[in-house]
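**Student:** Take this structure, written in C-alpha cells, and hold onto it; I'll ask about it next.
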Amino acid sequence: MKNVLVFFSVLLLGFSLPVLGLEGKVDGKEIPAINYALDTVWVILAAVLVFFMQAGFAMVESGFTRSKNAVNIMMKNMMDLSIGTISFWAIGFAIMFGNGSGLFGFSGFFVDASKVDSYASLGWSSVPVMAAFIFQAVFAATAATIVSGAVAERIKFSSYMMISALITIIVYPVSGHWGWGGGWLSELGFTDFAGSTIVHAVGGFASLAAVIVLGARTGKFSRDGKSRPIPGHNIPLATLGVFILWMGWYGFNPGSTMGADAGAIGHIAVTTTLSAASASLAAFFITYLLYKRADVGMTLNGALAGLVGITAGCADTTPAGALIIGIICGLVVVFSVIFFDRIKIDDPVGAISVHGVCGVVGTILLGFFHSSNGVFYAEGNAGWSFLLVQIIGVAAVVFWAFCSTFILIKLINSIMGVRVSEEDELNGLDYSEHGASAYPDFSKSSFGSTF
Amino acid sequence: MKKIEAIIKPYKLDNVKDALSNLKIYGMTVSDVKGFGQQKGHTELYRGAEYQVGFVPKIKLEIVVADDKVESVVETIISVAKTGKVGDGKIFVLPVEETIRIRTREKGDVAV
C-alpha cells in the first residue's frame with residue numbers, strides 16, 4: 001500500500017512540475033524532466049562536497065598553528081561559515097547574481113526562489129534557484145574562510161566576524177558579479193570556470209590586505225630582521241585538511257558545470273587531479289633541491305596550489321595542460337611563501353601564496369592553455385587578446401579585493417581594533433578570547449620556537 | 001657546583017636560552033610543568049559550565065653551573081624572564097655533589 005502511495009505521489013509531482021513552474025529551463029528553453037532532476041542532484045552533491053572543504057580549511061589552519069590557538073581557529077571557521085552563508089543569502093547573492101549594472105547586481109535579495117528572473121545571469125543553468133544559491137553560497141563561504149588562516153593567532157575574534165560578514169556581503173559578490181553575474185568582465189570574455197580568481201585570489205588578496213593591517217605575530221620577526229619559524233602543532237591534522245580540501249575540490253570544479261554534463265564533469269575531475277598531483281610533486285622536488293630535504297608543509301601547500309591554479313581552466317585545458325599548470329603552481333607557491341616571509345608578511349598557513357598568487361597564476365596561464373582560445377591553440381592573434389582579457393580580469397579583481405578589504409579592515413581597526421593585546425596573544429587566544437582549552441588533558445610541549 | 005632550577009613562563013624560554021648562551025652557558029634541561037604559587041590559575045568554560053584550572057603551564061629549566069657563575073646566571077634569568085606580573089616564577093639554587101660526562105668520564109667543573 002505504501003509503495004503504491006509513493007508511486008502515485010511521484011507521478012503526480014512529475015505531472016505537476018510544469019504547473020508549479022518548476023520545470024527545468026536552460027536559457028528559457030525547457031529541458032526533459034530527467035535532465036532537470038540529474039542536474040539538480042549533481043549540483044547539490046557538489047555543494048555538499050564544497051561545504052566539506054570548510055572542515056578541510058579548519059584542519060589545515062589548526063595543524064599549521066599552535067595548540068594554544070586551536071579553539072580560536074575552530075571558532076573562526078565555524079563562525080565564518082555561519083555568518084557567511086546567511087550574509088550571502090540575505091545580500092551577497094543578490095549583488096553577485098542579481099540583475100543590475102555591469103558593476104553589481106541589485107535584485108533578488110533574500111533569495112526569492114519564485115523570482116527566477118531576478119537572477120538572469122544564472123539562466124544558462126537549469127537548476128532551481130535554491131540549488132544554485134546553495135552551491136554559490138558554499139563558494140562564498142570558501143572565499144571568506146581563506147582569510148581565517150592568514151590572520152590566525154593574533155586577530156580579535158569580533159573584528160574577524162565583521163570582516164567575514166563584509167567579505168561575503170560586498171567584497172566577494174561585487175567582483176563575482178563582474179566575472180560570473182553578467183558583469184563587465186564576463187562581457188569581455190574573461191574565463192574563470194570555477195573561480196581561481198573570483199574565489200581564491202579574492203580570498204588570498206583580501207588576506208594580504210588584512211595581514212598588512214594586522215601585522216606579524218609577536219616574535220615572528222626578530223629585531224635583527226630574521227624570520228623565526230613558528231611550527232604548527234599537528235602535521236597529521238594539516239595533512240587531513242589537505243586531503244579533505246582535495247576531495248572537496250571534486251565538487252568545486254566539476255560542480256561548476258552546474259549541470260550533469262557527462263562530457264565535462266569527467267574531464268574536469270581528471271584535470272583537477274593531474275594538476276594537484278603534479279603540483280605537490282613539484283613542491284616536493286623543489287624543496288628537496290633547496291633544503292636537501294623535502295618539506296612536508298610546502299608539499300601540502302603545493303597540492304593546494306595546483307588545485308587553486310587549475311580551478312580557472314579545469315574545463316578548458318587538456319589533461320597535459322593541467323599537468324603543466326600544476327607543475328608551475330607547485331613551484332610558484334614555494335617561492336611565493338619564501339618571498340612573503342622575506343618582505344616580513346606573516347602568513348601562518350600560506351593562504352596568500354596558495355590562494356592569492358596561484359589563483360592569479362592559474363587564471364593567467366589559462367590565457368595560454370585554454371584549448372580553444374589560448375595562445376598555444378588559437379589562430380593568429382586571438383590567443384593574445386584572450387590572454388590580455390585574462391590579465392585585465394585578474395588585475396581588476398585583485399585590485400578590488402585588496403583595496404576594498406584594506407579600507408574595510410582599516411575602518412574596523414579604527415573603530416574597535418583588530419589585534420589582541422600582546423599578553424593575550426602570548427597566553428594563547430584559546431584562553432584570552434574563549435576561556436577554553438583545545439587539549440585540556442594533554443601536556444602541551446612548547447619547545448623549539450617557543451611562544 | 002650548583003643546580004639552578006627556574007620555573008618560568010613558557011613564552012620566556014627562547015629569551016632565556018638566548019640570554020644564557022650569551023653567558024656561554026650552552027647546556028640545560030627543559031621540561032613542561034604545571035603549577036601555581038600566588039597565581040591562582042584561571043577559569044575555563046566547557047559546554048556552558050565554568051571550572052577552575054588550578055595549575056598553570058610553566059617551563060622548568062635546570063642548569064648546573066660552577067659556583068662562580070651562579071650569580072650571573074640568576075641575574076640573567078631574572079632580567080629576561082620578569083614581566084612584573086604575578087606568575088613570573090621562581091628560581092631555586094641547590095648544591096650538586098658531582099657531575100660526570102658520560103662520553104669521557106670527566107668529573108667536576110670540567111664536566112659542567
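Please note that chains go A, B, ... in the order of the C-alpha cells, that every chain numbers its residues from 1, and that ligands are numbered from 1 in the order shown.
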Segment 26-144 of chain A: which residues are helix (DSSP H, G or I) by DSSP, as a PyMOL selection string?

**Tutor:** chain A and resi 33-63+67-97+116-122+129-144

**Student:** Could you take the residues named above and write them with C-alpha atoms, as a PDB file, in the first residue's frame?

**Tutor:**
```
ATOM      1  CA  ALA A  33      12.487  16.298 -16.501  1.00  0.00           C
ATOM      2  CA  ILE A  34      15.171  13.643 -16.120  1.00  0.00           C
ATOM      3  CA  ASN A  35      17.914  16.108 -17.058  1.00  0.00           C
ATOM      4  CA  TYR A  36      16.453  18.675 -14.696  1.00  0.00           C
ATOM      5  CA  ALA A  37      16.499  16.156 -11.868  1.00  0.00           C
ATOM      6  CA  LEU A  38      20.026  14.928 -12.608  1.00  0.00           C
ATOM      7  CA  ASP A  39      21.392  18.454 -12.927  1.00  0.00           C
ATOM      8  CA  THR A  40      19.892  19.432  -9.601  1.00  0.00           C
ATOM      9  CA  VAL A  41      21.077  16.323  -7.789  1.00  0.00           C
ATOM     10  CA  TRP A  42      24.594  16.832  -9.139  1.00  0.00           C
ATOM     11  CA  VAL A  43      24.704  20.482  -8.079  1.00  0.00           C
ATOM     12  CA  ILE A  44      23.503  19.648  -4.583  1.00  0.00           C
ATOM     13  CA  LEU A  45      26.021  16.826  -4.267  1.00  0.00           C
ATOM     14  CA  ALA A  46      28.784  19.136  -5.450  1.00  0.00           C
ATOM     15  CA  ALA A  47      27.635  21.785  -2.976  1.00  0.00           C
ATOM     16  CA  VAL A  48      27.933  19.253  -0.156  1.00  0.00           C
ATOM     17  CA  LEU A  49      31.497  18.442  -1.230  1.00  0.00           C
ATOM     18  CA  VAL A  50      32.424  22.117  -1.314  1.00  0.00           C
ATOM     19  CA  PHE A  51      30.754  22.566   2.059  1.00  0.00           C
ATOM     20  CA  PHE A  52      33.025  19.897   3.461  1.00  0.00           C
ATOM     21  CA  MET A  53      36.022  21.991   2.402  1.00  0.00           C
ATOM     22  CA  GLN A  54      35.225  24.070   5.478  1.00  0.00           C
ATOM     23  CA  ALA A  55      36.401  21.110   7.520  1.00  0.00           C
ATOM     24  CA  GLY A  56      39.483  20.936   5.332  1.00  0.00           C
ATOM     25  CA  PHE A  57      40.322  24.572   5.962  1.00  0.00           C
ATOM     26  CA  ALA A  58      39.760  24.179   9.690  1.00  0.00           C
ATOM     27  CA  MET A  59      42.121  21.214   9.879  1.00  0.00           C
ATOM     28  CA  VAL A  60      44.840  22.789   7.732  1.00  0.00           C
ATOM     29  CA  GLU A  61      44.763  26.028   9.685  1.00  0.00           C
ATOM     30  CA  SER A  62      44.826  24.322  13.041  1.00  0.00           C
ATOM     31  CA  GLY A  63      47.552  21.907  12.063  1.00  0.00           C
ATOM     32  CA  SER A  67      47.790  24.393  20.034  1.00  0.00           C
ATOM     33  CA  LYS A  68      47.164  27.370  22.281  1.00  0.00           C
ATOM     34  CA  ASN A  69      45.076  28.899  19.468  1.00  0.00           C
ATOM     35  CA  ALA A  70      43.264  25.767  18.308  1.00  0.00           C
ATOM     36  CA  VAL A  71      39.892  26.627  19.835  1.00  0.00           C
ATOM     37  CA  ASN A  72      40.119  30.075  18.279  1.00  0.00           C
ATOM     38  CA  ILE A  73      40.759  28.615  14.814  1.00  0.00           C
ATOM     39  CA  MET A  74      37.807  26.270  15.215  1.00  0.00           C
ATOM     40  CA  MET A  75      35.542  29.111  16.281  1.00  0.00           C
ATOM     41  CA  LYS A  76      36.672  31.322  13.405  1.00  0.00           C
ATOM     42  CA  ASN A  77      35.937  28.602  10.892  1.00  0.00           C
ATOM     43  CA  MET A  78      32.598  27.741  12.434  1.00  0.00           C
ATOM     44  CA  MET A  79      31.566  31.381  12.512  1.00  0.00           C
ATOM     45  CA  ASP A  80      32.764  32.473   9.078  1.00  0.00           C
ATOM     46  CA  LEU A  81      30.700  29.654   7.636  1.00  0.00           C
ATOM     47  CA  SER A  82      27.617  30.545   9.640  1.00  0.00           C
ATOM     48  CA  ILE A  83      27.874  34.282   9.139  1.00  0.00           C
ATOM     49  CA  GLY A  84      28.973  33.939   5.529  1.00  0.00           C
ATOM     50  CA  THR A  85      26.124  31.743   4.388  1.00  0.00           C
ATOM     51  CA  ILE A  86      23.488  33.960   5.986  1.00  0.00           C
ATOM     52  CA  SER A  87      25.077  37.183   4.693  1.00  0.00           C
ATOM     53  CA  PHE A  88      25.285  35.727   1.227  1.00  0.00           C
ATOM     54  CA  TRP A  89      21.670  34.584   1.427  1.00  0.00           C
ATOM     55  CA  ALA A  90      20.443  37.990   2.549  1.00  0.00           C
ATOM     56  CA  ILE A  91      22.529  40.282   0.376  1.00  0.00           C
ATOM     57  CA  GLY A  92      25.561  38.798  -1.326  1.00  0.00           C
ATOM     58  CA  PHE A  93      23.760  36.509  -3.747  1.00  0.00           C
ATOM     59  CA  ALA A  94      21.613  39.366  -4.998  1.00  0.00           C
ATOM     60  CA  ILE A  95      24.640  41.591  -5.581  1.00  0.00           C
ATOM     61  CA  MET A  96      26.555  38.818  -7.279  1.00  0.00           C
ATOM     62  CA  PHE A  97      23.915  37.245  -9.494  1.00  0.00           C
ATOM     63  CA  VAL A 116      13.742  33.196 -11.410  1.00  0.00           C
ATOM     64  CA  ASP A 117      14.009  36.363 -13.485  1.00  0.00           C
ATOM     65  CA  SER A 118      15.811  38.173 -10.672  1.00  0.00           C
ATOM     66  CA  TYR A 119      18.904  36.142 -11.443  1.00  0.00           C
ATOM     67  CA  ALA A 120      19.122  36.257 -15.209  1.00  0.00           C
ATOM     68  CA  SER A 121      22.842  35.615 -15.091  1.00  0.00           C
ATOM     69  CA  LEU A 122      22.133  32.062 -13.927  1.00  0.00           C
ATOM     70  CA  VAL A 129      17.234  28.964  -7.753  1.00  0.00           C
ATOM     71  CA  MET A 130      17.603  27.308  -4.353  1.00  0.00           C
ATOM     72  CA  ALA A 131      20.063  24.745  -5.656  1.00  0.00           C
ATOM     73  CA  ALA A 132      22.050  27.404  -7.497  1.00  0.00           C
ATOM     74  CA  PHE A 133      22.066  29.527  -4.391  1.00  0.00           C
ATOM     75  CA  ILE A 134      23.321  26.831  -2.054  1.00  0.00           C
ATOM     76  CA  PHE A 135      26.082  25.943  -4.495  1.00  0.00           C
ATOM     77  CA  GLN A 136      27.170  29.575  -4.795  1.00  0.00           C
ATOM     78  CA  ALA A 137      26.835  30.118  -1.056  1.00  0.00           C
ATOM     79  CA  VAL A 138      29.394  27.468  -0.211  1.00  0.00           C
ATOM     80  CA  PHE A 139      31.724  29.092  -2.742  1.00  0.00           C
ATOM     81  CA  ALA A 140      31.311  32.415  -0.962  1.00  0.00           C
ATOM     82  CA  ALA A 141      31.988  30.700   2.339  1.00  0.00           C
ATOM     83  CA  THR A 142      35.185  29.282   0.842  1.00  0.00           C
ATOM     84  CA  ALA A 143      36.440  32.735  -0.147  1.00  0.00           C
ATOM     85  CA  ALA A 144      35.670  34.036   3.341  1.00  0.00           C
TER      86      ALA A 144
END
```

**Student:** Counting only C-alpha atoms, collect the residues of chain B whose closest atom lies at most 8 Å from chain A, and write them out as JSON, numbers by chain.

**Tutor:** {"B": [10, 11, 12, 13, 14, 32, 43, 44, 45, 46]}

**Student:** Could those residues be written to a file, using C-alpha atoms, as a PDB file, in the first residue's frame?

**Tutor:**
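Final output, out-v3.pdb:
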```
ATOM      1  CA  PRO B  10      56.526  29.251  28.738  1.00  0.00           C
ATOM      2  CA  TYR B  11      56.950  32.061  26.234  1.00  0.00           C
ATOM      3  CA  LYS B  12      60.066  33.282  28.007  1.00  0.00           C
ATOM      4  CA  LEU B  13      62.033  30.149  27.232  1.00  0.00           C
ATOM      5  CA  ASP B  14      63.562  31.362  23.988  1.00  0.00           C
ATOM      6  CA  ASP B  32      56.918  21.093  30.670  1.00  0.00           C
ATOM      7  CA  THR B  43      38.525  29.796  34.997  1.00  0.00           C
ATOM      8  CA  GLU B  44      37.698  27.906  31.844  1.00  0.00           C
ATOM      9  CA  LEU B  45      34.412  27.300  30.095  1.00  0.00           C
ATOM     10  CA  TYR B  46      33.316  23.915  28.799  1.00  0.00           C
TER      11      TYR B  46
END
```

**Student:** At a cut-off of 10 Å, using only C-alpha atoms, what residues contact segment 22-26 of chain B? Leave out same-chain residues fewer than 2 positions from it and give the result as a tab-separated table (two decimals) with N, CA and C atoms, in the first residue's frame.

**Tutor:**
```tsv
chain	number	residue	atom	x	y	z
B	16	VAL	N	65.28	33.36	27.46
B	16	VAL	CA	66.22	32.92	28.49
B	16	VAL	C	67.36	32.12	27.87
B	17	LYS	N	66.99	31.23	26.95
B	17	LYS	CA	68.01	30.41	26.30
B	17	LYS	C	69.03	31.28	25.57
B	18	ASP	N	68.53	32.28	24.84
B	18	ASP	CA	69.43	33.17	24.11
B	18	ASP	C	70.32	33.94	25.07
B	19	ALA	N	69.73	34.44	26.15
B	19	ALA	CA	70.49	35.22	27.11
B	19	ALA	C	71.57	34.37	27.77
B	20	LEU	N	71.25	33.12	28.06
B	20	LEU	CA	72.23	32.24	28.69
B	20	LEU	C	73.35	31.87	27.73
B	28	MET	N	71.42	22.75	29.08
B	28	MET	CA	70.32	22.86	30.03
B	28	MET	C	69.32	21.76	29.77
B	63	ILE	N	69.75	23.95	35.15
B	63	ILE	CA	71.12	24.19	34.66
B	63	ILE	C	72.07	23.91	35.80
B	64	VAL	N	73.15	23.20	35.51
B	64	VAL	CA	74.18	23.00	36.53
B	64	VAL	C	75.38	23.86	36.13
B	65	VAL	N	75.86	24.69	37.06
B	65	VAL	CA	76.98	25.59	36.74
B	65	VAL	C	78.01	25.57	37.86
B	69	LYS	N	79.65	31.03	38.67
B	69	LYS	CA	78.73	31.51	37.64
B	69	LYS	C	77.31	31.72	38.15
B	72	SER	N	75.66	35.35	38.16
B	72	SER	CA	75.37	35.97	36.86
B	72	SER	C	74.21	35.25	36.17
B	73	VAL	N	74.16	33.92	36.32
B	73	VAL	CA	73.07	33.18	35.68
B	73	VAL	C	71.73	33.59	36.30
B	76	THR	N	70.71	37.00	35.13
B	76	THR	CA	70.28	36.99	33.72
B	76	THR	C	68.87	36.45	33.60
B	112	VAL	N	80.82	20.25	33.72
B	112	VAL	CA	79.58	21.02	33.80
B	112	VAL	C	79.26	21.69	32.47
```

**Student:** Find the spatial neighbours of Ile212 of chain A, counting only C-alpha atoms, within a cut-off of 10 Å - ignore same-chain residues fewer than 6 positions away - and output them as a PyMOL selection string.

**Tutor:** chain A and resi 151+344-346+406+409

**Student:** Need the shell around Ser207 of chain A: protein/DNA/RNA residues with any atom at most 9 Å away, counting only C-alpha atoms. Skip same-chain ones fewer than 6 positions apart. Format as an MDAnalysis selection string?

**Tutor:** chainID A and resid 146:151 347 351:352 356 402 405

**Student:** For the selection just defined, write its residues with C-alpha atoms to a file, as a short mmCIF file (atom, residue, chain, number, x, y, z; two decimals), in the first residue's frame.

**Tutor:**
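Result file part23.cif:
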```
data_model
loop_
_atom_site.label_atom_id
_atom_site.label_comp_id
_atom_site.auth_asym_id
_atom_site.auth_seq_id
_atom_site.Cartn_x
_atom_site.Cartn_y
_atom_site.Cartn_z
CA ILE A 146 40.62 31.62 3.28
CA VAL A 147 41.20 34.77 5.28
CA SER A 148 40.98 33.00 8.65
CA GLY A 149 44.26 31.17 8.02
CA ALA A 150 46.29 34.25 7.16
CA VAL A 151 45.10 36.26 10.17
CA ASP A 347 51.12 34.28 6.78
CA ALA A 351 46.99 31.40 2.32
CA ILE A 352 48.21 34.42 0.37
CA GLY A 356 46.16 34.67 -3.94
CA PHE A 402 42.81 44.07 -1.91
CA THR A 405 39.35 44.75 2.22
#
```

**Student:** Would you kindly return, as a PyMOL selection string, each protein, DNA or RNA residue with an atom no farther than 7 Å from any atom of segment 98-100 of chain B, considering only C-alpha atoms and excluding same-chain residues fewer than 6 positions away?

**Tutor:** chain B and resi 106-108+111-112

**Student:** Can I get the selected residues back with N, CA and C atoms, as a short mmCIF file (atom, residue, chain, number, x, y, z; two decimals), in the first residue's frame?

**Tutor:**
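And here is the file that came out, result_0.cif:
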```cif
data_model
loop_
_atom_site.label_atom_id
_atom_site.label_comp_id
_atom_site.auth_asym_id
_atom_site.auth_seq_id
_atom_site.Cartn_x
_atom_site.Cartn_y
_atom_site.Cartn_z
N GLU B 106 84.75 12.52 32.36
CA GLU B 106 85.28 13.71 33.05
C GLU B 106 84.42 14.03 34.26
N LYS B 107 85.08 14.56 35.30
CA LYS B 107 84.33 14.89 36.51
C LYS B 107 84.54 16.34 36.90
N GLY B 108 83.66 16.84 37.73
CA GLY B 108 83.88 18.17 38.33
C GLY B 108 83.48 19.30 37.40
N ALA B 111 83.23 19.04 33.66
CA ALA B 111 82.12 18.30 33.08
C ALA B 111 80.83 19.14 33.01
N VAL B 112 80.82 20.25 33.72
CA VAL B 112 79.58 21.02 33.80
C VAL B 112 79.26 21.69 32.47
#
```

**Student:** Env of Ala81 of chain B: 8 Å cut, atoms = only C-alpha atoms, seq-sep filter 4 positions within chain, self excluded. Answer as a list in words.

**Tutor:** Ile8, Lys9, Lys12, Asn15, Val16, Ile77 and Asp88 of chain B

**Student:** Could you state the separation of atom CA of Cys329 of chain A and atom CA of Phe193 of chain A in Å, given to one decimal place?

**Tutor:**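 So the two atoms, atom CA of Cys329 of chain A and atom CA of Phe193 of chain A, lie 17.4 Å apart.
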
**Student:** Quick one: pull the distance between atom CA of Phe376 of chain A and atom CA of Pro254 of chain A, Å, one decimal.

**Tutor:**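 For atom CA of Phe376 of chain A relative to atom CA of Pro254 of chain A, the distance reads 24.0 Å.
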
**Student:** Tell me, in Å to one decimal, how far atom CA of Val349 of chain A is from atom CA of Val296 of chain A.

**Tutor:**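 Here the two named atoms are 12.6 Å from each other.
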
**Student:** With only C-alpha atoms as the basis for distance, which of B:Ser79, B:Gly37, B:Val86, B:Val70 is at the shortest distance from Gly54 of chain B?

**Tutor:**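 That would be B:Gly37, the residue with the smallest distance to Gly54 of chain B.
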